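S.K.: Contents are compact mmCIF, C-alpha atoms; file name start.txt:
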# COMPACT_ATOMS: atom_id res chain seq x y z
CA MET D 1138 -188.35 40.40 73.15
CA ILE D 1139 -191.08 40.99 70.57
CA LYS D 1140 -188.58 40.50 67.75
CA LYS D 1141 -187.42 37.27 69.37
CA ILE D 1142 -191.01 36.02 69.61
CA ARG D 1143 -191.57 36.96 65.95
CA ARG D 1144 -188.47 35.08 64.79
CA ARG D 1145 -189.33 32.07 66.91
CA PHE D 1146 -192.90 32.06 65.59
CA ILE D 1147 -191.69 32.08 61.97
CA TRP D 1148 -189.04 29.45 62.71
CA LEU D 1149 -191.42 27.04 64.45
CA ALA D 1150 -194.11 27.47 61.79
CA THR D 1151 -191.57 26.86 59.00
CA LEU D 1152 -190.11 23.83 60.78
CA SER D 1153 -193.61 22.38 61.26
CA LEU D 1154 -194.40 22.83 57.56
CA PHE D 1155 -191.08 21.28 56.55
CA LEU D 1156 -191.64 18.23 58.75
CA VAL D 1157 -195.17 17.72 57.40
CA MET D 1158 -193.98 18.02 53.79
CA PHE D 1159 -190.92 15.86 54.44
CA PHE D 1160 -192.86 12.97 55.97
CA SER D 1161 -195.64 13.26 53.39
CA PHE D 1162 -193.31 13.19 50.37
CA SER D 1163 -191.07 10.57 52.00
CA SER D 1164 -194.08 8.31 52.47
CA LEU D 1165 -195.18 8.81 48.85
CA ILE D 1166 -191.68 8.14 47.52
CA GLY D 1167 -191.29 5.10 49.76
CA ILE D 1168 -194.60 3.67 48.59
CA SER D 1169 -193.69 4.37 44.94
CA LEU D 1170 -190.32 2.63 45.28
CA PHE D 1171 -191.93 -0.34 47.04
CA GLU D 1172 -194.59 -0.67 44.34
CA SER D 1173 -191.96 -0.51 41.59
CA SER D 1174 -189.85 -3.18 43.26
CA HIS D 1175 -192.93 -5.32 43.89
CA GLU D 1176 -193.99 -5.00 40.26
CA ALA D 1177 -190.51 -6.11 39.12
CA ASP D 1178 -190.68 -9.16 41.39
CA GLN D 1179 -194.09 -10.11 39.98
CA VAL D 1180 -192.86 -9.82 36.39
CA LEU D 1181 -189.78 -11.91 37.21
CA PHE D 1182 -191.95 -14.59 38.85
CA ILE D 1183 -194.17 -14.87 35.78
CA ILE D 1184 -191.23 -15.01 33.34
CA VAL D 1185 -189.26 -17.59 35.33
CA LYS D 1186 -192.32 -19.73 35.96
CA ASN D 1187 -193.16 -19.74 32.24
CA ASN D 1188 -189.58 -20.22 31.07
CA GLY D 1189 -189.14 -16.78 29.53
CA GLN D 1190 -192.72 -15.99 28.53
CA LEU D 1191 -194.65 -13.07 30.04
CA ASP D 1192 -198.08 -14.68 30.20
CA GLU D 1193 -200.92 -12.19 29.72
CA VAL D 1194 -203.42 -14.00 31.94
CA GLN D 1195 -201.02 -14.32 34.86
CA ALA D 1196 -199.81 -10.75 34.31
CA LYS D 1197 -203.34 -9.38 34.67
CA LYS D 1198 -203.88 -11.57 37.71
CA ARG D 1199 -200.72 -10.42 39.46
CA LEU D 1200 -200.29 -6.86 38.16
CA GLY D 1201 -203.92 -5.82 37.91
CA ASP D 1202 -205.88 -4.10 35.16
CA GLN D 1203 -203.04 -1.65 34.40
CA TYR D 1204 -201.33 -4.45 32.48
CA ASN D 1205 -202.15 -4.79 28.78
CA LYS D 1206 -200.52 -6.18 25.65
CA GLU D 1207 -198.66 -2.94 25.08
CA GLY D 1208 -197.45 -2.91 28.66
CA ILE D 1209 -194.85 -5.57 27.96
CA PHE D 1210 -192.70 -3.03 26.13
CA LYS D 1211 -191.92 -1.10 29.29
CA TYR D 1212 -190.22 -4.15 30.82
CA ARG D 1213 -186.57 -4.52 29.82
CA TYR D 1214 -185.39 -8.00 30.68
CA PHE D 1215 -183.39 -10.97 29.48
CA THR D 1216 -183.03 -14.61 30.54
CA ALA D 1217 -179.93 -16.76 30.84
CA ASN D 1218 -178.44 -19.98 32.19
CA ILE D 1219 -175.70 -19.79 34.83
CA ASN D 1220 -173.22 -22.46 35.77
CA THR D 1221 -172.10 -21.58 39.27
CA LYS D 1222 -169.19 -24.04 39.21
CA LYS D 1223 -167.66 -22.68 36.02
CA GLN D 1224 -169.05 -19.19 36.75
CA THR D 1225 -170.37 -18.83 33.20
CA LEU D 1226 -173.47 -16.96 31.98
CA THR D 1227 -175.20 -18.02 28.74
CA VAL D 1228 -177.89 -15.68 27.40
CA ILE D 1229 -181.10 -17.38 26.22
CA ASP D 1230 -183.49 -14.53 25.34
CA ALA D 1231 -182.18 -11.00 24.70
CA ASP D 1232 -185.00 -9.61 22.56
CA HIS D 1233 -186.33 -7.29 25.27
CA ILE D 1234 -183.16 -5.43 26.23
CA ILE D 1235 -180.12 -3.79 24.66
CA GLY D 1236 -176.75 -5.53 24.54
CA TYR D 1237 -175.02 -2.94 26.71
CA SER D 1238 -177.17 -3.96 29.70
CA ILE D 1239 -176.39 -7.64 29.13
CA ASN D 1240 -172.66 -6.91 29.10
CA SER D 1241 -173.03 -4.98 32.37
CA VAL D 1242 -174.67 -7.95 34.05
CA SER D 1243 -172.21 -10.43 32.52
CA SER D 1244 -169.36 -8.53 34.18
CA ARG D 1245 -170.92 -9.49 37.54
CA LYS D 1246 -171.33 -13.21 36.76
CA LYS D 1247 -168.80 -14.21 39.44
CA GLN D 1248 -170.72 -12.28 42.10
CA ILE D 1249 -174.04 -13.71 40.87
CA SER D 1250 -172.65 -17.26 40.90
CA MET D 1251 -171.51 -16.85 44.50
CA ARG D 1252 -174.96 -15.59 45.52
CA LEU D 1253 -176.74 -18.47 43.83
CA SER D 1254 -174.37 -20.98 45.43
CA ALA D 1255 -175.24 -19.41 48.81
CA GLY D 1256 -178.95 -19.91 48.13
CA GLN D 1257 -179.79 -16.26 47.28
CA LEU D 1258 -182.17 -16.90 44.38
CA ARG D 1259 -183.60 -13.37 44.50
CA GLY D 1260 -181.79 -10.04 44.77
CA THR D 1261 -180.48 -6.87 43.16
CA ILE D 1262 -177.30 -6.29 41.17
CA HIS D 1263 -175.70 -2.87 40.61
CA SER D 1264 -173.63 -2.50 37.47
CA ASN D 1265 -172.39 0.68 35.76
CA GLY D 1266 -174.94 2.83 37.54
CA VAL D 1267 -177.88 0.59 36.59
CA ARG D 1268 -179.86 -1.60 38.99
CA PHE D 1269 -181.04 -5.04 37.92
CA ARG D 1270 -183.46 -7.22 39.83
CA TYR D 1271 -183.07 -10.97 39.32
CA LEU D 1272 -184.91 -14.21 40.10
CA ALA D 1273 -183.46 -17.70 39.54
CA LYS D 1274 -184.58 -21.29 39.74
CA LYS D 1275 -182.39 -24.33 39.99
CA ILE D 1276 -182.35 -26.63 36.96
CA SER D 1277 -179.76 -29.14 38.04
CA ALA D 1278 -176.56 -29.30 40.10
CA ASN D 1279 -174.66 -26.00 39.68
CA LYS D 1280 -177.04 -24.89 36.89
CA TYR D 1281 -179.69 -22.18 37.23
CA TYR D 1282 -182.22 -20.54 34.99
CA ILE D 1283 -182.27 -16.79 35.75
CA CYS D 1284 -184.10 -13.70 34.59
CA PHE D 1285 -182.78 -10.11 34.94
CA ILE D 1286 -185.00 -7.02 34.70
CA ASP D 1287 -183.78 -3.45 34.43
CA LEU D 1288 -185.33 -1.38 37.25
CA SER D 1289 -184.70 1.99 35.59
CA PRO D 1290 -188.00 2.22 33.65
CA LEU D 1291 -189.96 1.04 36.69
CA MET D 1292 -188.20 3.48 39.02
CA GLN D 1293 -188.58 6.40 36.61
CA SER D 1294 -191.87 7.56 38.14
CA ALA D 1295 -190.42 7.34 41.66
CA LEU D 1296 -187.33 9.35 40.64
CA LEU D 1297 -189.55 11.92 38.96
CA LEU D 1298 -191.57 12.13 42.16
CA VAL D 1299 -188.35 12.73 44.13
CA ARG D 1300 -187.40 15.59 41.82
CA TYR D 1301 -190.77 17.28 42.07
CA ALA D 1302 -190.90 16.65 45.82
CA LEU D 1303 -187.64 18.54 46.30
CA ILE D 1304 -188.85 21.40 44.12
CA PHE D 1305 -192.21 21.65 45.89
CA THR D 1306 -190.65 21.28 49.36
CA PHE D 1307 -188.02 23.99 49.09
CA GLY D 1308 -190.11 26.19 46.80
CA GLY D 1309 -193.11 25.86 49.09
CA ILE D 1310 -191.04 26.60 52.19
CA LEU D 1311 -189.53 29.69 50.54
CA VAL D 1312 -192.98 31.02 49.64
CA PHE D 1313 -194.25 30.13 53.12
CA VAL D 1314 -191.39 32.00 54.82
CA ILE D 1315 -192.09 35.09 52.70
CA ILE D 1316 -195.79 34.97 53.57
CA MET D 1317 -195.04 34.40 57.26
CA ALA D 1318 -192.60 37.32 57.29
CA LEU D 1319 -195.34 39.55 55.89
CA LEU D 1320 -198.10 38.30 58.19
CA ALA D 1321 -196.16 37.49 61.38
CA ASP D 1322 -196.59 41.01 62.74
CA LYS D 1323 -200.36 40.68 62.53
CA ALA D 1324 -200.24 37.26 64.19
CA ILE D 1325 -198.28 38.50 67.21
CA GLN D 1326 -199.97 41.92 67.39
CA PRO D 1327 -202.07 40.94 70.45
CA ILE D 1328 -198.87 39.89 72.24
CA ARG D 1329 -197.19 43.15 71.25
CA ASP D 1330 -200.16 45.20 72.50
CA ALA D 1331 -200.29 43.33 75.83
CA TYR D 1332 -196.54 43.69 76.28
CA ASP D 1333 -196.60 47.42 75.51
CA LYS D 1334 -199.47 47.94 77.95
CA GLN D 1335 -197.56 46.06 80.63
CA ARG D 1336 -194.45 48.16 80.11
CA ARG D 1337 -196.41 51.41 80.15
CA PHE D 1338 -198.25 50.33 83.29
CA ILE D 1339 -195.04 49.52 85.17
CA THR D 1340 -193.38 52.76 84.08
CA ASN D 1341 -196.39 54.97 84.84
CA ALA D 1342 -197.15 53.22 88.11
CA GLY D 1343 -193.53 53.57 89.15
CA HIS D 1344 -193.51 57.28 88.55
CA GLU D 1345 -196.86 57.70 90.28
CA LEU D 1346 -195.67 55.78 93.34
CA LYS D 1347 -192.61 57.96 93.70
CA THR D 1348 -194.75 60.99 94.64
CA PRO D 1349 -196.41 59.51 97.77
CA LEU D 1350 -193.07 57.93 98.73
CA ALA D 1351 -191.43 61.34 98.56
CA VAL D 1352 -194.19 62.76 100.78
CA ILE D 1353 -193.81 59.93 103.29
CA SER D 1354 -190.05 60.42 103.33
CA ALA D 1355 -190.44 64.17 103.89
CA ASN D 1356 -192.92 63.58 106.73
CA ALA D 1357 -190.54 61.13 108.38
CA GLU D 1358 -187.71 63.65 108.17
CA MET D 1359 -189.97 66.35 109.65
CA GLU D 1360 -190.88 64.05 112.52
CA GLU D 1361 -187.19 63.51 113.11
CA LEU D 1362 -186.57 67.29 113.18
CA LEU D 1363 -189.42 67.69 115.67
CA GLY D 1364 -187.72 65.25 118.01
CA ASN D 1365 -189.97 62.25 117.28
CA ASP D 1366 -187.10 60.03 116.07
CA ASP D 1367 -188.10 56.60 117.38
CA GLU D 1368 -187.86 53.06 116.02
CA TRP D 1369 -191.16 53.40 114.13
CA ASN D 1370 -189.99 56.50 112.31
CA GLU D 1371 -186.70 54.78 111.48
CA SER D 1372 -188.60 51.76 110.13
CA THR D 1373 -190.71 54.06 107.94
CA LYS D 1374 -187.59 55.60 106.39
CA GLU D 1375 -186.09 52.16 105.74
CA GLN D 1376 -189.23 50.99 104.00
CA VAL D 1377 -189.33 54.15 101.86
CA VAL D 1378 -185.75 53.50 100.76
CA ARG D 1379 -186.62 49.88 100.02
CA MET D 1380 -189.72 50.77 98.00
CA THR D 1381 -187.84 53.44 96.05
CA GLY D 1382 -185.13 50.92 95.17
CA LEU D 1383 -187.69 48.33 94.08
CA ILE D 1384 -189.53 50.83 91.87
CA ASN D 1385 -186.29 51.97 90.24
CA GLN D 1386 -185.29 48.38 89.54
CA LEU D 1387 -188.68 47.57 88.01
CA ILE D 1388 -188.47 50.56 85.70
CA THR D 1389 -184.91 49.69 84.73
CA LEU D 1390 -185.86 46.05 84.13
CA THR D 1391 -188.71 47.14 81.87
CA ARG D 1392 -186.36 49.35 79.88
CA MET D 1393 -183.74 46.62 79.55
CA SER D 1394 -186.23 44.04 78.31
CA GLU D 1395 -186.05 45.52 74.81
CA PRO D 1396 -182.36 45.27 73.83
CA GLU D 1397 -182.88 47.15 70.56
CA GLU D 1398 -183.33 50.31 72.64
CA LEU D 1399 -179.66 50.13 73.66
CA VAL D 1400 -177.07 51.71 71.36
CA LEU D 1401 -173.94 49.56 71.41
CA SER D 1402 -170.43 50.90 70.87
CA LYS D 1403 -166.85 49.96 71.64
CA VAL D 1404 -166.24 50.44 75.38
CA ASN D 1405 -163.31 49.76 77.71
CA PHE D 1406 -164.54 46.87 79.83
CA SER D 1407 -161.41 47.04 82.01
CA GLU D 1408 -162.04 50.64 83.09
CA ILE D 1409 -165.71 50.03 83.79
CA THR D 1410 -164.99 46.91 85.85
CA LYS D 1411 -162.32 48.76 87.85
CA GLU D 1412 -164.69 51.66 88.52
CA SER D 1413 -167.38 49.32 89.77
CA ALA D 1414 -164.98 47.15 91.79
CA ASP D 1415 -163.44 50.19 93.54
CA SER D 1416 -166.86 51.40 94.66
CA PHE D 1417 -167.37 48.24 96.75
CA LYS D 1418 -164.04 48.35 98.63
CA SER D 1419 -165.39 50.25 101.62
CA VAL D 1420 -168.52 48.09 101.90
CA LEU D 1421 -166.53 44.84 101.96
CA ALA D 1422 -163.91 46.29 104.32
CA LYS D 1423 -166.67 47.33 106.72
CA ASP D 1424 -168.02 43.75 106.69
CA ASN D 1425 -164.52 42.30 107.31
CA LYS D 1426 -164.57 40.35 104.04
CA LYS D 1427 -161.52 39.67 101.89
CA TYR D 1428 -161.70 41.41 98.53
CA VAL D 1429 -159.50 40.37 95.58
CA VAL D 1430 -159.61 42.23 92.24
CA SER D 1431 -157.63 41.23 89.14
CA ILE D 1432 -158.30 43.17 85.92
CA ASP D 1433 -156.35 42.88 82.66
CA PRO D 1434 -155.95 46.34 81.10
CA ASP D 1435 -157.51 47.60 77.85
CA LEU D 1436 -160.07 44.90 77.15
CA TYR D 1437 -162.80 46.20 74.83
CA ILE D 1438 -166.26 44.88 73.96
CA ASN D 1439 -169.38 46.15 72.21
CA ALA D 1440 -171.81 47.40 74.85
CA GLU D 1441 -173.58 50.44 76.27
CA GLN D 1442 -171.35 52.05 78.89
CA ARG D 1443 -173.91 52.94 81.57
CA SER D 1444 -175.70 49.58 81.28
CA LEU D 1445 -172.40 47.68 81.37
CA LEU D 1446 -171.50 49.46 84.61
CA GLU D 1447 -174.92 48.50 85.98
CA LEU D 1448 -174.23 44.85 85.02
CA VAL D 1449 -170.92 44.73 86.90
CA ASN D 1450 -172.49 46.51 89.90
CA ILE D 1451 -175.27 43.91 90.05
CA LEU D 1452 -172.83 40.98 90.06
CA ILE D 1453 -170.48 42.42 92.68
CA ASP D 1454 -173.37 43.62 94.84
CA ASN D 1455 -174.91 40.15 94.69
CA ALA D 1456 -171.57 38.58 95.65
CA GLN D 1457 -171.07 40.84 98.68
CA LYS D 1458 -174.66 40.37 99.87
CA TYR D 1459 -174.53 36.59 99.88
CA CYS D 1460 -170.87 36.11 100.84
CA ASP D 1461 -170.31 34.17 104.08
CA PRO D 1462 -169.23 36.19 107.13
CA LYS D 1463 -165.48 36.93 106.89
CA GLY D 1464 -165.51 35.22 103.49
CA GLU D 1465 -163.91 36.27 100.22
CA VAL D 1466 -165.22 38.08 97.15
CA MET D 1467 -163.13 37.89 93.98
CA VAL D 1468 -163.51 39.88 90.74
CA VAL D 1469 -161.42 38.75 87.75
CA LEU D 1470 -161.48 40.20 84.23
CA ALA D 1471 -159.23 38.47 81.70
CA LYS D 1472 -158.91 37.30 78.10
CA SER D 1473 -159.95 33.80 77.09
CA ARG D 1474 -157.31 31.24 76.13
CA LEU D 1475 -157.67 31.91 72.41
CA ASN D 1476 -157.77 35.67 72.98
CA GLN D 1477 -161.16 35.87 71.25
CA ASN D 1478 -163.36 36.61 74.27
CA VAL D 1479 -163.35 38.67 77.45
CA VAL D 1480 -164.38 36.78 80.58
CA LEU D 1481 -165.62 38.42 83.79
CA THR D 1482 -165.69 36.12 86.80
CA VAL D 1483 -167.26 37.16 90.12
CA THR D 1484 -167.05 34.67 92.99
CA ASN D 1485 -167.91 34.67 96.67
CA SER D 1486 -167.68 32.28 99.57
CA TYR D 1487 -170.99 30.46 100.10
CA LYS D 1488 -170.73 27.26 102.10
CA ASN D 1489 -174.49 26.51 102.01
CA GLY D 1490 -174.74 26.36 98.21
CA ALA D 1491 -174.89 22.58 97.83
CA GLY D 1492 -178.09 21.43 96.14
CA ILE D 1493 -179.15 24.92 95.00
CA ASP D 1494 -180.49 25.14 91.45
CA THR D 1495 -178.24 27.90 90.10
CA ASN D 1496 -180.22 28.04 86.83
CA ARG D 1497 -183.12 29.62 88.73
CA PHE D 1498 -181.00 32.56 89.88
CA PHE D 1499 -181.88 34.42 86.68
CA GLU D 1500 -185.65 34.08 87.11
CA ARG D 1501 -187.43 37.32 87.94
CA PHE D 1502 -188.29 37.71 91.65
CA TYR D 1503 -186.56 34.44 92.49
CA ARG D 1504 -184.90 34.24 95.90
CA GLU D 1505 -183.62 31.24 97.82
CA ASP D 1506 -186.04 32.27 100.54
CA GLU D 1507 -189.29 31.10 98.93
CA SER D 1508 -191.34 33.18 101.40
CA HIS D 1509 -189.72 36.32 99.89
CA HIS D 1510 -189.18 37.64 103.40
CA TYR D 1511 -187.15 40.82 103.39
CA ASP D 1512 -184.38 41.04 105.99
CA GLN D 1513 -182.53 44.34 106.14
CA LYS D 1514 -179.77 42.86 108.33
CA GLN D 1515 -179.04 40.11 105.81
CA LYS D 1516 -179.32 42.59 102.91
CA ASN D 1517 -181.63 40.39 100.90
CA GLY D 1518 -182.51 41.64 97.41
CA PHE D 1519 -185.76 41.66 95.52
CA GLY D 1520 -184.86 38.88 93.07
CA ILE D 1521 -184.64 41.32 90.15
CA GLY D 1522 -180.94 42.10 89.84
CA LEU D 1523 -179.71 38.85 88.28
CA SER D 1524 -182.65 38.85 85.86
CA MET D 1525 -181.59 42.33 84.78
CA ALA D 1526 -178.01 41.09 84.44
CA GLN D 1527 -179.11 38.27 82.15
CA ASP D 1528 -181.10 40.67 79.96
CA LEU D 1529 -178.13 43.02 79.69
CA VAL D 1530 -175.71 40.22 78.82
CA ALA D 1531 -178.10 38.99 76.11
CA ALA D 1532 -178.43 42.55 74.77
CA PHE D 1533 -174.65 42.76 74.43
CA GLY D 1534 -174.47 39.38 72.69
CA GLY D 1535 -172.76 37.58 75.57
CA LYS D 1536 -173.35 34.59 77.82
CA ILE D 1537 -173.80 34.33 81.59
CA ASN D 1538 -173.93 31.31 83.85
CA ALA D 1539 -173.83 30.52 87.55
CA SER D 1540 -172.33 27.54 89.34
CA TRP D 1541 -171.36 26.39 92.84
CA SER D 1542 -168.42 24.21 93.76
CA ASP D 1543 -166.46 23.55 96.96
CA GLY D 1544 -168.09 26.33 98.95
CA VAL D 1545 -167.71 28.98 96.25
CA MET D 1546 -170.48 30.61 94.20
CA ASN D 1547 -169.30 31.56 90.74
CA PHE D 1548 -170.82 33.89 88.12
CA THR D 1549 -169.15 33.95 84.70
CA VAL D 1550 -169.90 36.43 81.92
CA THR D 1551 -168.37 36.04 78.46
CA PHE D 1552 -168.32 38.66 75.70
CA LYS D 1553 -166.69 38.66 72.29
CA ARG D 1554 -163.57 40.79 72.41
CA VAL D 1555 -163.20 43.83 70.15
CA HIS D 1556 -159.56 44.37 69.14
Show how you would write the structure in this file as structure tokens.
M.R.:
Amino acid sequence: MIKKIRRRFIWLATLSLFLVMFFSFSSLIGISLFESSHEADQVLFIIVKNNGQLDEVQAKKRLGDQYNKEGIFKYRYFTANINTKKQTLTVIDADHIIGYSINSVSSRKKQISMRLSAGQLRGTIHSNGVRFRYLAKKISANKYYICFIDLSPLMQSALLLVRYALIFTFGGILVFVIIMALLADKAIQPIRDAYDKQRRFITNAGHELKTPLAVISANAEMEELLGNDDEWNESTKEQVVRMTGLINQLITLTRMSEPEELVLSKVNFSEITKESADSFKSVLAKDNKKYVVSIDPDLYINAEQRSLLELVNILIDNAQKYCDPKGEVMVVLAKSRLNQNVVLTVTNSYKNGAGIDTNRFFERFYREDESHHYDQKQKNGFGIGLSMAQDLVAAFGGKINASWSDGVMNFTVTFKRVH
């Protein structure tokens, strides 16, 4: 569990940093692109208004103090007349741009003519990988004066910002992950200490409680030998058995909560399931419940043999405890359809399961009886078994889920098959 907390801590911290950097750089890039496009529109407005001249006074007024006489050289533009009826483009001023760019725009004169005819006097044209922004004004019927400006020089700073943003984002995240991996242990050390203390307390307390329980059990047996075997003595023995079982389950649950303590190996799931299923035959026969077992032979998974047996015992024991009187318990172990997984299904009759939140079955100390009243006749559990089952399944790299349908409670466990 500690390793899972550590990984989740690093993952969430890294994701938070990535989102902050992503939105920050995205905002900067978006603003830069907007400013570049806005600057191009202002330059186009000045040129078209002044019939091809980039007026210095208006440029300073619209572009701000960053504009100067030398600034004109960074704008690559040309002006032309377009006849939308004949779809012809006649260049007027080409002193501020190279001929290759003019030819690229000229190849789109049909598209431009259609836009102007539709009233789109402002827009962007893509040609040969270059973006041109244009602004036109109508001179007469089917004739327009138009100015094109190459956006590449204006967008250069934004593109450079994109490049450095990517470098800083991924480089910064890589460095951050390395730092977090080195310092994460210190960050979660208080959690680790508290968790270790809790585990030691449960284990030590469990062992300490076993001594007085053994004494109480011995005294009860002595009373029975002395002829004092009444209902109170019998109740004492039942409670000792119950407390011993609870303590053993708590200790086991504490041990199972750290899956790295389990040594996994290839085990025969079929044999273990059969061994567990056979041990419940007499119990179910005594309760007059139908018991159906179907196990495919030689199905192997990676697990720890003793813990896997405990897992199957928990599921079948839970099924027989909560099965309806004269109901049916079914245990099925089979391959999945694609032969990649091994699926264990344990079902039992349970007519009162409608509306039950089956997801809560795996919570520690959860029982349908919210008062947690213990009834020996109904064989109620302590609400620990299914939580232990979930921990074991997770330790073996599998999945477990519970569901209810048409009067049947169903528990399904899936493991990856080892061939």
S.K.: Could you check how far atom CA of Met1251 of chain D sits from atom CA of Asn1187 of chain D, in Å to one decimal?
M.R.: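 Pair atom CA of Met1251 of chain D / atom CA of Asn1187 of chain D returns 25.0 Å.
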S.K.: So which one's closest to Val1555 of chain D, D:Thr1225, D:Ser1244, D:Asn1218, D:Gln1477? Using only C-alpha atoms, please.
M.R.: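 Once distances to Val1555 of chain D are computed over only C-alpha atoms, the minimum belongs to D:Gln1477.
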S.K.: Just how far from atom CA of Arg1144 of chain D is atom CA of Met1158 of chain D, in Å to one decimal?
M.R.: 21.0 Å
S.K.: So which one's closest to Thr1482 of chain D, D:Ile1432, D:Ala1342, D:Ala1321, D:Leu1272? Using only C-alpha atoms, please.
M.R.: D:Ile1432
S.K.: Would you compute the distance between atom CA of Lys1411 of chain D and atom CA of Arg1497 of chain D? Give it in Å to one decimal.
M.R.: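 Separation of atom CA of Lys1411 of chain D and atom CA of Arg1497 of chain D: 28.3 Å.
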S.K.: Hey, what's within 9 Å of Asp1435 of chain D if we count all atoms listed in the file and toss same-chain stuff fewer than 3 positions away? As a VMD selection string, please?
M.R.: chain D and resid 1405 to 1408
S.K.: So which one's closest to Ser1473 of chain D, D:Asn1240, D:Ser1161, D:Thr1549, D:Gln1293? Using all atoms listed in the file, please.
M.R.: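 Distance minimum relative to Ser1473 of chain D lands on D:Thr1549.
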S.K.: Which residues are near Gly1534 of chain D? Cut-off 8 Å, all atoms listed in the file, ignore same chain within fewer than 2 positions. Put them as a PyMOL selection string.
M.R.: chain D and resi 1530-1532+1536+1552-1553
S.K.: Give me the residues within 10 Å of Leu1303 of chain D as a list in words, counting all atoms listed in the file and dropping any in the same chain fewer than 4 places off.
M.R.: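 The contact residues come out as Met1158, Phe1159, Phe1162, Leu1298, Val1299, Phe1307, Gly1308 and Gly1309 of chain D.
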S.K.: Which is closer to Asp1415 of chain D than all the others in D:Leu1523, D:Val1429, D:Leu1320, D:Leu1181, using only C-alpha atoms?
M.R.: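 The closest residue to Asp1415 of chain D is D:Val1429.
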S.K.: My list of candidates is D:Ile1304, D:Asn1496, D:Glu1441, D:Arg1554. Which is closest to Ala1471 of chain D when distances are computed with all atoms listed in the file?
M.R.: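 Between D:Ile1304, D:Asn1496, D:Glu1441, D:Arg1554, the residue approaching Ala1471 of chain D most closely is D:Arg1554.
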